[in-house]
file input-v7.tsv (TSV, C-alpha atoms and all ligand atoms)
chain	number	residue	atom	x	y	z
A	1	MET	CA	12.86	19.87	11.86
A	2	THR	CA	9.90	17.93	13.26
A	3	ARG	CA	7.67	16.51	10.59
A	4	LYS	CA	3.99	17.35	10.48
A	5	LYS	CA	1.97	14.21	11.27
A	6	LEU	CA	-1.70	13.52	11.73
A	7	ASP	CA	-2.56	11.66	14.96
A	8	VAL	CA	-3.03	8.27	13.30
A	9	THR	CA	-2.06	4.95	14.91
A	10	VAL	CA	-1.93	1.45	13.50
A	11	GLY	CA	-5.22	0.91	15.40
A	12	SER	CA	-6.96	3.75	13.54
A	13	VAL	CA	-5.83	2.31	10.20
A	14	SER	CA	-7.06	-1.16	11.19
A	15	GLU	CA	-10.46	0.31	12.06
A	16	VAL	CA	-10.69	1.53	8.44
A	17	TYR	CA	-9.78	-1.87	6.97
A	18	ASP	CA	-11.84	-3.86	9.50
A	19	GLY	CA	-14.89	-1.79	8.54
A	20	ALA	CA	-16.52	-0.01	5.60
A	21	GLY	CA	-13.23	1.50	4.34
A	22	GLY	CA	-11.78	-1.88	3.39
A	23	ILE	CA	-14.98	-2.85	1.58
A	24	LEU	CA	-15.15	0.47	-0.31
A	25	TRP	CA	-11.53	0.28	-1.44
A	26	GLU	CA	-12.07	-3.27	-2.69
A	27	MET	CA	-15.17	-2.07	-4.60
A	28	LEU	CA	-13.10	0.60	-6.37
A	29	MET	CA	-9.77	-1.14	-6.87
A	30	GLY	CA	-10.57	-4.86	-6.75
A	31	GLU	CA	-8.97	-7.41	-4.45
A	32	GLN	CA	-5.55	-5.96	-5.24
A	33	ILE	CA	-6.01	-2.70	-3.36
A	34	HIS	CA	-3.56	-0.53	-5.30
A	35	VAL	CA	-3.51	1.64	-8.41
A	36	GLY	CA	-2.92	-0.35	-11.61
A	37	SER	CA	-4.31	-3.75	-10.46
A	38	GLU	CA	-2.63	-6.90	-11.81
A	39	ASP	CA	-0.57	-5.02	-14.43
A	40	GLU	CA	1.18	-3.01	-11.75
A	41	THR	CA	1.98	-6.21	-9.84
A	42	ASP	CA	3.61	-7.65	-12.98
A	43	ILE	CA	5.68	-4.50	-13.54
A	44	LEU	CA	6.92	-4.54	-9.94
A	45	ALA	CA	7.61	-8.30	-10.09
A	46	ARG	CA	9.77	-7.88	-13.21
A	47	LYS	CA	11.67	-4.96	-11.74
A	48	ALA	CA	12.21	-6.86	-8.48
A	49	GLY	CA	13.37	-9.97	-10.37
A	50	VAL	CA	10.82	-12.24	-8.67
A	51	GLY	CA	11.34	-15.87	-9.76
A	52	ALA	CA	10.63	-19.43	-8.66
A	53	ALA	CA	13.44	-19.35	-6.07
A	54	SER	CA	12.32	-16.08	-4.46
A	55	HIS	CA	10.81	-15.74	-1.01
A	56	VAL	CA	8.86	-12.46	-1.08
A	57	LEU	CA	7.65	-10.54	1.97
A	58	ASP	CA	4.55	-8.44	1.13
A	59	VAL	CA	4.45	-5.70	3.77
A	60	CYS	CA	0.78	-4.67	4.22
A	61	SER	CA	-0.57	-7.59	2.20
A	62	ALA	CA	-4.29	-6.79	2.78
A	63	LEU	CA	-6.48	-9.41	0.99
A	64	GLY	CA	-3.50	-11.28	-0.47
A	65	GLY	CA	-4.42	-10.56	-4.10
A	66	PRO	CA	-0.85	-9.67	-5.14
A	67	ALA	CA	0.56	-12.65	-3.19
A	68	ARG	CA	-1.66	-15.08	-5.11
A	69	GLN	CA	-0.76	-13.50	-8.46
A	70	LEU	CA	2.98	-13.69	-7.65
A	71	VAL	CA	2.74	-17.37	-6.72
A	72	ARG	CA	0.63	-18.29	-9.75
A	73	LYS	CA	2.72	-16.40	-12.33
A	74	TYR	CA	6.24	-16.58	-10.94
A	75	GLY	CA	6.16	-19.72	-8.78
A	76	CYS	CA	7.72	-17.95	-5.76
A	77	ARG	CA	6.87	-18.25	-2.04
A	78	VAL	CA	5.19	-15.29	-0.34
A	79	THR	CA	4.78	-14.24	3.27
A	80	GLY	CA	2.15	-11.57	3.83
A	81	LEU	CA	2.26	-9.24	6.85
A	82	ASP	CA	-0.74	-7.10	7.77
A	83	ALA	CA	-1.97	-5.48	10.98
A	84	THR	CA	-5.74	-5.76	10.35
A	85	ARG	CA	-7.55	-8.88	11.54
A	86	ARG	CA	-10.24	-8.84	8.81
A	87	MET	CA	-7.61	-8.50	6.08
A	88	ASP	CA	-5.53	-11.33	7.58
A	89	GLU	CA	-8.55	-13.65	7.88
A	90	GLU	CA	-9.85	-12.84	4.38
A	91	ALA	CA	-6.38	-13.31	2.86
A	92	ARG	CA	-6.08	-16.75	4.50
A	93	ARG	CA	-9.61	-17.74	3.43
A	94	ARG	CA	-9.16	-16.65	-0.22
A	95	THR	CA	-5.71	-18.26	-0.41
A	96	GLU	CA	-7.06	-21.55	0.98
A	97	GLU	CA	-9.92	-21.40	-1.53
A	98	ALA	CA	-7.40	-20.83	-4.35
A	99	GLY	CA	-5.43	-23.89	-3.19
A	100	LEU	CA	-2.27	-21.82	-2.64
A	101	SER	CA	-1.80	-22.17	1.12
A	102	ASP	CA	1.34	-24.31	0.67
A	103	LYS	CA	3.11	-21.35	-1.03
A	104	ILE	CA	1.74	-18.40	1.00
A	105	ASP	CA	1.68	-17.79	4.73
A	106	TYR	CA	0.25	-14.75	6.52
A	107	ARG	CA	1.26	-13.05	9.76
A	108	LEU	CA	-0.89	-10.61	11.69
A	109	GLY	CA	1.54	-7.92	12.82
A	110	ASN	CA	2.93	-4.41	12.62
A	111	ALA	CA	5.34	-3.45	9.83
A	112	LEU	CA	7.22	-1.32	12.37
A	113	ASP	CA	8.15	-4.39	14.41
A	114	MET	CA	8.36	-7.25	11.93
A	115	PRO	CA	8.14	-10.75	13.43
A	116	PHE	CA	10.98	-12.08	11.22
A	117	LYS	CA	14.69	-12.76	11.65
A	118	ALA	CA	17.29	-10.61	9.89
A	119	GLY	CA	18.19	-11.71	6.35
A	120	THR	CA	15.09	-13.84	5.71
A	121	PHE	CA	13.70	-12.59	2.37
A	122	ASP	CA	14.92	-12.24	-1.24
A	123	VAL	CA	12.38	-9.50	-1.98
A	124	VAL	CA	10.62	-7.09	0.39
A	125	TRP	CA	7.56	-5.76	-1.37
A	126	GLY	CA	4.89	-3.10	-0.84
A	127	GLN	CA	2.07	-1.66	-2.93
A	128	ASP	CA	0.31	1.62	-2.14
A	129	ALA	CA	0.16	0.98	1.61
A	130	TRP	CA	3.14	2.51	3.34
A	131	CYS	CA	1.42	5.92	3.27
A	132	TYR	CA	-0.47	4.54	6.33
A	133	ILE	CA	2.68	3.88	8.32
A	134	THR	CA	3.50	6.28	11.11
A	135	ASP	CA	7.32	6.06	10.93
A	136	LYS	CA	8.74	5.52	7.42
A	137	GLU	CA	12.35	5.63	8.66
A	138	ARG	CA	11.77	2.68	10.98
A	139	LEU	CA	9.73	0.91	8.29
A	140	ILE	CA	12.57	1.09	5.75
A	141	GLU	CA	15.09	0.02	8.42
A	142	GLU	CA	12.90	-3.01	9.17
A	143	CYS	CA	12.65	-3.81	5.43
A	144	ALA	CA	16.44	-3.59	5.09
A	145	ARG	CA	16.95	-5.76	8.20
A	146	VAL	CA	14.77	-8.65	6.99
A	147	LEU	CA	16.23	-8.60	3.44
A	148	LYS	CA	18.99	-11.07	2.57
A	149	PRO	CA	22.26	-9.51	1.39
A	150	GLY	CA	21.79	-9.01	-2.39
A	151	GLY	CA	18.00	-8.92	-1.91
A	152	THR	CA	15.66	-6.32	-3.40
A	153	LEU	CA	13.30	-3.77	-1.89
A	154	ALA	CA	10.50	-2.99	-4.38
A	155	PHE	CA	7.48	-0.84	-3.67
A	156	THR	CA	5.00	1.75	-4.89
A	157	ASP	CA	3.40	4.35	-2.64
A	158	TRP	CA	1.24	7.46	-2.57
A	159	LEU	CA	3.42	10.55	-2.19
A	160	GLU	CA	3.42	14.22	-1.34
A	161	THR	CA	4.58	15.88	-4.57
A	162	GLY	CA	3.95	19.61	-4.21
A	163	PRO	CA	3.20	22.47	-1.82
A	164	MET	CA	-0.28	22.85	-0.31
A	165	THR	CA	-1.97	24.84	2.44
A	166	ASP	CA	-2.16	23.43	5.97
A	167	ASP	CA	-5.94	23.03	5.64
A	168	GLU	CA	-5.58	21.15	2.37
A	169	TRP	CA	-2.85	18.90	3.83
A	170	THR	CA	-5.03	18.07	6.84
A	171	ALA	CA	-8.17	17.39	4.79
A	172	LEU	CA	-6.32	15.12	2.32
A	173	HIS	CA	-4.64	13.09	5.08
A	174	ALA	CA	-7.69	12.95	7.36
A	175	PHE	CA	-9.90	11.56	4.57
A	176	MET	CA	-7.42	8.75	3.84
A	177	VAL	CA	-6.34	8.26	7.50
A	178	PHE	CA	-2.68	8.78	6.49
A	179	PRO	CA	-0.34	10.05	9.25
A	180	TYR	CA	1.85	11.66	6.55
A	181	MET	CA	3.23	10.83	3.10
A	182	GLU	CA	6.86	10.65	2.00
A	183	THR	CA	8.32	12.17	-1.15
A	184	LEU	CA	10.14	9.97	-3.69
A	185	GLU	CA	13.42	11.69	-2.77
A	186	GLY	CA	12.61	11.16	0.91
A	187	TYR	CA	12.14	7.43	0.39
A	188	ALA	CA	15.37	7.23	-1.64
A	189	ALA	CA	17.25	8.95	1.20
A	190	LEU	CA	15.73	6.57	3.78
A	191	ALA	CA	16.73	3.54	1.68
A	192	GLU	CA	20.31	4.80	1.31
A	193	ALA	CA	20.47	5.61	5.05
A	194	ALA	CA	19.36	2.03	5.78
A	195	GLY	CA	22.34	0.74	3.76
A	196	LEU	CA	20.51	-0.02	0.51
A	197	THR	CA	21.44	1.16	-2.99
A	198	VAL	CA	18.63	2.76	-4.98
A	199	VAL	CA	18.66	1.33	-8.50
A	200	GLU	CA	15.48	2.90	-9.85
A	201	LYS	CA	12.91	5.47	-8.82
A	202	GLU	CA	10.02	6.55	-10.98
A	203	ASP	CA	7.41	9.27	-10.56
A	204	LEU	CA	4.04	7.79	-11.61
A	205	SER	CA	1.99	10.88	-10.76
A	206	PRO	CA	0.32	11.62	-14.14
A	207	ASP	CA	-1.09	8.10	-14.20
A	208	PHE	CA	-2.14	8.49	-10.55
A	209	ALA	CA	-4.20	11.61	-11.35
A	210	ARG	CA	-6.00	9.69	-14.13
A	211	SER	CA	-6.71	6.80	-11.77
A	212	ILE	CA	-8.16	9.05	-9.06
A	213	GLN	CA	-10.47	10.61	-11.66
A	214	GLY	CA	-11.52	7.05	-12.59
A	215	TYR	CA	-12.32	6.18	-8.95
A	216	LEU	CA	-14.41	9.36	-8.62
A	217	ASP	CA	-16.34	8.45	-11.78
A	218	MET	CA	-17.00	4.95	-10.43
A	219	VAL	CA	-18.22	6.31	-7.08
A	220	LYS	CA	-20.61	8.75	-8.75
A	221	HIS	CA	-21.90	6.56	-11.56
A	222	ASP	CA	-21.49	2.89	-10.60
A	223	PHE	CA	-21.54	2.66	-6.80
A	224	ARG	CA	-23.56	5.67	-5.58
A	225	GLN	CA	-26.71	3.72	-4.79
A	226	ALA	CA	-24.87	0.74	-3.29
A	227	ILE	CA	-22.92	3.02	-0.93
A	228	ILE	CA	-26.10	4.87	0.11
A	229	ASP	CA	-28.02	1.60	0.61
A	230	ASN	CA	-25.27	0.03	2.72
A	231	TYR	CA	-23.78	2.97	4.61
A	232	GLY	CA	-26.18	5.95	4.24
A	233	LYS	CA	-26.19	9.25	2.34
A	234	GLU	CA	-23.85	10.97	4.82
A	235	MET	CA	-21.16	8.37	4.16
A	236	TYR	CA	-21.70	8.66	0.39
A	237	ASP	CA	-21.30	12.46	0.55
A	238	ALA	CA	-18.10	12.15	2.61
A	239	VAL	CA	-16.63	9.64	0.12
A	240	GLU	CA	-17.49	11.78	-2.91
A	241	GLU	CA	-16.12	14.91	-1.23
A	242	GLY	CA	-12.90	13.17	-0.13
A	243	ILE	CA	-12.15	11.64	-3.52
A	244	THR	CA	-12.93	14.95	-5.23
A	245	LEU	CA	-10.36	16.60	-2.98
A	246	TRP	CA	-7.81	13.95	-4.01
A	247	ARG	CA	-8.76	14.30	-7.68
A	248	ASP	CA	-8.14	18.07	-7.51
A	249	ALA	CA	-4.87	17.75	-5.57
A	250	SER	CA	-3.51	15.07	-7.90
A	251	ALA	CA	-4.49	17.08	-10.99
A	252	ALA	CA	-2.66	20.07	-9.46
A	253	GLY	CA	0.53	18.03	-8.82
A	254	LYS	CA	0.28	18.22	-5.03
A	255	VAL	CA	-0.09	14.49	-4.41
A	256	GLY	CA	1.06	11.58	-6.56
A	257	ARG	CA	2.56	8.14	-6.59
A	258	GLY	CA	5.94	6.59	-7.24
A	259	ARG	CA	7.88	3.35	-7.52
A	260	LEU	CA	11.26	2.61	-5.98
A	261	ILE	CA	13.66	-0.33	-6.36
A	262	ALA	CA	16.72	-0.72	-4.12
A	263	ARG	CA	19.28	-3.50	-3.45
A	264	LYS	CA	20.90	-4.61	-0.20
A	301	LIG	C1	-4.13	-0.22	0.68
A	301	LIG	S1	-4.11	-1.63	1.68
A	301	LIG	C2	-2.76	-2.56	1.01
A	301	LIG	C3	-3.04	-3.16	-0.31
A	301	LIG	C4	-2.13	-4.27	-0.72
A	301	LIG	N1	-0.74	-3.85	-0.68
A	301	LIG	C5	-2.51	-4.67	-2.14
A	301	LIG	O1	-1.81	-4.25	-3.07
A	301	LIG	O2	-3.53	-5.37	-2.29
A	301	LIG	C6	-3.37	-1.06	3.18
A	301	LIG	C7	-3.11	-2.17	4.18
A	301	LIG	O3	-2.06	-1.74	5.04
A	301	LIG	C8	-2.26	-2.34	6.30
A	301	LIG	N2	-1.45	-1.62	7.29
A	301	LIG	C9	-1.47	-0.30	7.56
A	301	LIG	N3	-0.57	0.01	8.51
A	301	LIG	C10	0.07	-1.14	8.83
A	301	LIG	C11	1.14	-1.48	9.71
A	301	LIG	N4	1.73	-0.56	10.48
A	301	LIG	N5	1.57	-2.76	9.75
A	301	LIG	C12	0.97	-3.71	8.98
A	301	LIG	N6	-0.05	-3.45	8.14
A	301	LIG	C13	-0.49	-2.19	8.05
A	301	LIG	C14	-3.76	-2.23	6.49
A	301	LIG	O4	-4.21	-3.13	7.46
A	301	LIG	C15	-4.28	-2.53	5.08
A	301	LIG	O5	-4.62	-3.88	4.93

call {"tool": "encode", "arguments": {"input": "input-v7.tsv", "output": "structure tokens"}}
result
Amino acid sequence: MTRKKLDVTVGSVSEVYDGAGGILWEMLMGEQIHVGSEDETDILARKAGVGAASHVLDVCSALGGPARQLVRKYGCRVTGLDATRRMDEEARRRTEEAGLSDKIDYRLGNALDMPFKAGTFDVVWGQDAWCYITDKERLIEECARVLKPGGTLAFTDWLETGPMTDDEWTALHAFMVFPYMETLEGYAALAEAAGLTVVEKEDLSPDFARSIQGYLDMVKHDFRQAIIDNYGKEMYDAVEEGITLWRDASAAGKVGRGRLIARK
């Protein structure tokens, strides 16, 4: 069966994060652009067993917020990989400013063709970003390739969790610029097919629905005027409409979020 995909390329995603999209997501989520902020990074770090001896690869590292937290709290080394120039430059600038450049390095590149040798990393890590990636099978194969034997794959992602109409599917994906989303079972199957052993998978969807409601409240009450002033009323209306769509779909159990841990 061929999978339904929106016509999204890595270039279209980079346009979002090079422009207003990246700024808006940082406004709503903070410099760690994922649901659950620093707490979620700690949960994932514990589950992945990140420690002082670990070399972590953050796949889609954006502004480097999680990388800096991991280095500060766990003393590990981190390599961040991201395809968007503005994200790469900002991550380097903020890391330099934080005095952490000796423990973190960044590479501008595509997660589907990672510029790393096989068996390089103790932990391959991702937070709420792989929903943008056009080929999850190849992504997970790349993650498995660059992991050391005994290493850990640890990630959270936005997921398709229930049936929806074609129009709803298209509107939800088009607003976010997602080519398609995986299911938690789908990710587990991809990890096993890539030779990994899934040790934990958790559906975080109820918490996701609460978070999306929170982002909608922030847009309407805290950031309305700032968005209009900077980007115009049309952009504000599109943002409110898109997040409302996501709020409704998450409340109805059609979209959600999950966490998966697997070992090589
Ligand atoms: C939601 S942000 C990631 C947030 C980050 N994980 C965090 O927790 O702060 C999505 C990021 O994925 C990156 N991205 C999307 N597709 C990519 C690809 N194929 N290869 C590398 N980076 C990609 C974008 O450039 C963007 O910076």

call {"tool": "atom_distance", "arguments": {"input": "input-v7.tsv", "atom1": "CA of Thr79 (chain A)", "atom2": "atom C9 of ligand LIG 301 (chain A)"}}
result
15.9 Å

call {"tool": "closest_atom_pairs", "arguments": {"input": "input-v7.tsv", "of": "chain A", "to": "ligand LIG 301 (chain A)", "cutoff": "9 Å", "atoms": "only C-alpha atoms and all ligand atoms", "output": "CSV"}}
result
residue,atom,partner,partner_atom,distance
A:Thr9,CA,A:LIG301,N4,8.0
A:Val10,CA,A:LIG301,N4,5.2
A:Gly11,CA,A:LIG301,N3,8.4
A:Ser12,CA,A:LIG301,N3,9.0
A:Val13,CA,A:LIG301,C9,5.7
A:Ser14,CA,A:LIG301,O4,5.1
A:Glu15,CA,A:LIG301,O4,8.5
A:Val16,CA,A:LIG301,O4,8.0
A:Tyr17,CA,A:LIG301,O4,5.7
A:Asp18,CA,A:LIG301,O4,7.9
A:Gly22,CA,A:LIG301,O5,7.6
A:Trp25,CA,A:LIG301,C1,7.7
A:Glu26,CA,A:LIG301,O2,8.8
A:Met29,CA,A:LIG301,O2,8.8
A:Gly30,CA,A:LIG301,O2,8.3
A:Glu31,CA,A:LIG301,O2,6.2
A:Gln32,CA,A:LIG301,O2,3.6
A:Ile33,CA,A:LIG301,O2,3.8
A:His34,CA,A:LIG301,O1,4.7
A:Val35,CA,A:LIG301,O1,8.1
A:Ser37,CA,A:LIG301,O1,7.8
A:Thr41,CA,A:LIG301,O1,8.0
A:Asp58,CA,A:LIG301,N1,7.2
A:Val59,CA,A:LIG301,C12,6.6
A:Cys60,CA,A:LIG301,O3,4.2
A:Ser61,CA,A:LIG301,C4,4.7
A:Ala62,CA,A:LIG301,O5,3.6
A:Leu63,CA,A:LIG301,O2,6.0
A:Gly64,CA,A:LIG301,O2,6.2
A:Gly65,CA,A:LIG301,O2,5.6
A:Pro66,CA,A:LIG301,O2,5.8
A:Ala67,CA,A:LIG301,O2,8.4
A:Leu81,CA,A:LIG301,C12,6.1
A:Asp82,CA,A:LIG301,N6,3.7
A:Ala83,CA,A:LIG301,C12,4.0
A:Thr84,CA,A:LIG301,O4,4.2
A:Arg85,CA,A:LIG301,O4,7.8
A:Arg86,CA,A:LIG301,O4,8.4
A:Met87,CA,A:LIG301,O5,5.6
A:Asp88,CA,A:LIG301,O5,8.0
A:Leu108,CA,A:LIG301,C12,7.6
A:Gly109,CA,A:LIG301,C12,5.7
A:Asn110,CA,A:LIG301,N5,3.6
A:Ala111,CA,A:LIG301,N5,3.8
A:Leu112,CA,A:LIG301,N4,5.9
A:Asp113,CA,A:LIG301,N5,8.2
A:Met114,CA,A:LIG301,N5,8.4
A:Trp125,CA,A:LIG301,N1,8.5
A:Gly126,CA,A:LIG301,N1,5.7
A:Gln127,CA,A:LIG301,N1,4.2
A:Asp128,CA,A:LIG301,C1,5.6
A:Ala129,CA,A:LIG301,C6,4.4
A:Trp130,CA,A:LIG301,N3,6.8
A:Cys131,CA,A:LIG301,C9,8.1
A:Tyr132,CA,A:LIG301,N3,5.0
A:Ile133,CA,A:LIG301,N4,5.0
A:Thr134,CA,A:LIG301,N4,7.1
A:Asp135,CA,A:LIG301,N4,8.7
A:Leu139,CA,A:LIG301,N4,8.4

call {"tool": "closest_residue", "arguments": {"input": "input-v7.tsv", "among": "A:Lys136, A:His55, A:Arg77, A:Lys233", "to": "Phe121 (chain A)", "atoms": "all atoms listed in the file"}}
result
A:His55

call {"tool": "axis_aligned_box", "arguments": {"input": "input-v7.tsv", "around": "region 246-263 of chain A", "padding_each_side": "4 Å", "output": "JSON"}}
result
{"center_x": 5.3, "center_y": 8.3, "center_z": -7.2, "size_x": 36.0, "size_y": 31.6, "size_z": 15.5}

call {"tool": "closest_residue", "arguments": {"input": "input-v7.tsv", "among": "A:Val78, A:Leu184, A:Glu40, A:Thr156", "to": "Ala52 (chain A)", "atoms": "all atoms listed in the file"}}
result
A:Val78

call {"tool": "atom_distance", "arguments": {"input": "input-v7.tsv", "atom1": "CA of Gly242 (chain A)", "atom2": "CA of Ala171 (chain A)"}}
result
8.0 Å

call {"tool": "closest_atom_pairs", "arguments": {"input": "input-v7.tsv", "of": "region 59-127 of chain A", "to": "region 146-149 of chain A", "cutoff": "7 Å", "atoms": "all atoms listed in the file", "output": "CSV"}}
result
residue,atom,partner,partner_atom,distance
A:Phe116,CA,A:Val146,CA,6.6
A:Lys117,CA,A:Val146,CA,6.2
A:Ala118,CA,A:Val146,CA,4.3
A:Gly119,CA,A:Lys148,CA,3.9
A:Thr120,CA,A:Val146,CA,5.4
A:Phe121,CA,A:Leu147,CA,4.8
A:Asp122,CA,A:Lys148,CA,5.7
A:Val123,CA,A:Leu147,CA,6.7
A:Val124,CA,A:Leu147,CA,6.6

call {"tool": "atom_distance", "arguments": {"input": "input-v7.tsv", "atom1": "CA of Ala238 (chain A)", "atom2": "CA of Gly214 (chain A)"}}
result
17.3 Å

call {"tool": "residues_around", "arguments": {"input": "input-v7.tsv", "residues": "Tyr231 (chain A)", "least_positions_apart": "4", "cutoff": "12 Å", "atoms": "all atoms listed in the file", "output": "JSON, numbers by chain"}}
result
{"A": [19, 20, 21, 23, 24, 223, 224, 225, 226, 227, 235, 236, 237, 238, 239]}

call {"tool": "decode", "arguments": {"input": "input-v7.tsv", "residues": "region 79-113 of chain A", "atoms": "C-alpha atoms", "output": "compact mmCIF listing (two decimals), in the first residue's frame"}}
result
# COMPACT_ATOMS: atom_id res chain seq x y z
CA THR A 79 26.18 16.69 18.41
CA GLY A 80 23.19 18.51 16.93
CA LEU A 81 22.03 17.91 13.35
CA ASP A 82 19.55 20.25 11.68
CA ALA A 83 18.73 21.14 8.08
CA THR A 84 17.75 24.80 8.61
CA ARG A 85 20.47 27.46 8.38
CA ARG A 86 18.85 29.90 10.83
CA MET A 87 18.42 27.15 13.43
CA ASP A 88 22.03 26.00 12.98
CA GLU A 89 23.40 29.55 13.28
CA GLU A 90 21.23 30.41 16.30
CA ALA A 91 22.13 27.14 18.04
CA ARG A 92 25.85 27.87 17.56
CA ARG A 93 25.45 31.48 18.74
CA ARG A 94 23.46 30.57 21.88
CA THR A 95 25.82 27.69 22.71
CA GLU A 96 28.87 29.95 22.35
CA GLU A 97 27.17 32.55 24.57
CA ALA A 98 26.47 29.84 27.17
CA GLY A 99 30.15 28.84 27.11
CA LEU A 100 29.31 25.26 26.08
CA SER A 101 30.92 25.08 22.64
CA ASP A 102 33.59 22.63 23.86
CA LYS A 103 30.85 20.04 24.62
CA ILE A 104 28.42 20.64 21.73
CA ASP A 105 29.00 20.71 17.99
CA TYR A 106 26.39 21.33 15.29
CA ARG A 107 26.13 20.05 11.73
CA LEU A 108 23.91 21.54 9.05
CA GLY A 109 22.49 18.52 7.25
CA ASN A 110 19.61 16.22 6.40
CA ALA A 111 18.53 13.51 8.86
CA LEU A 112 17.90 11.24 5.86
CA ASP A 113 21.58 11.28 4.92
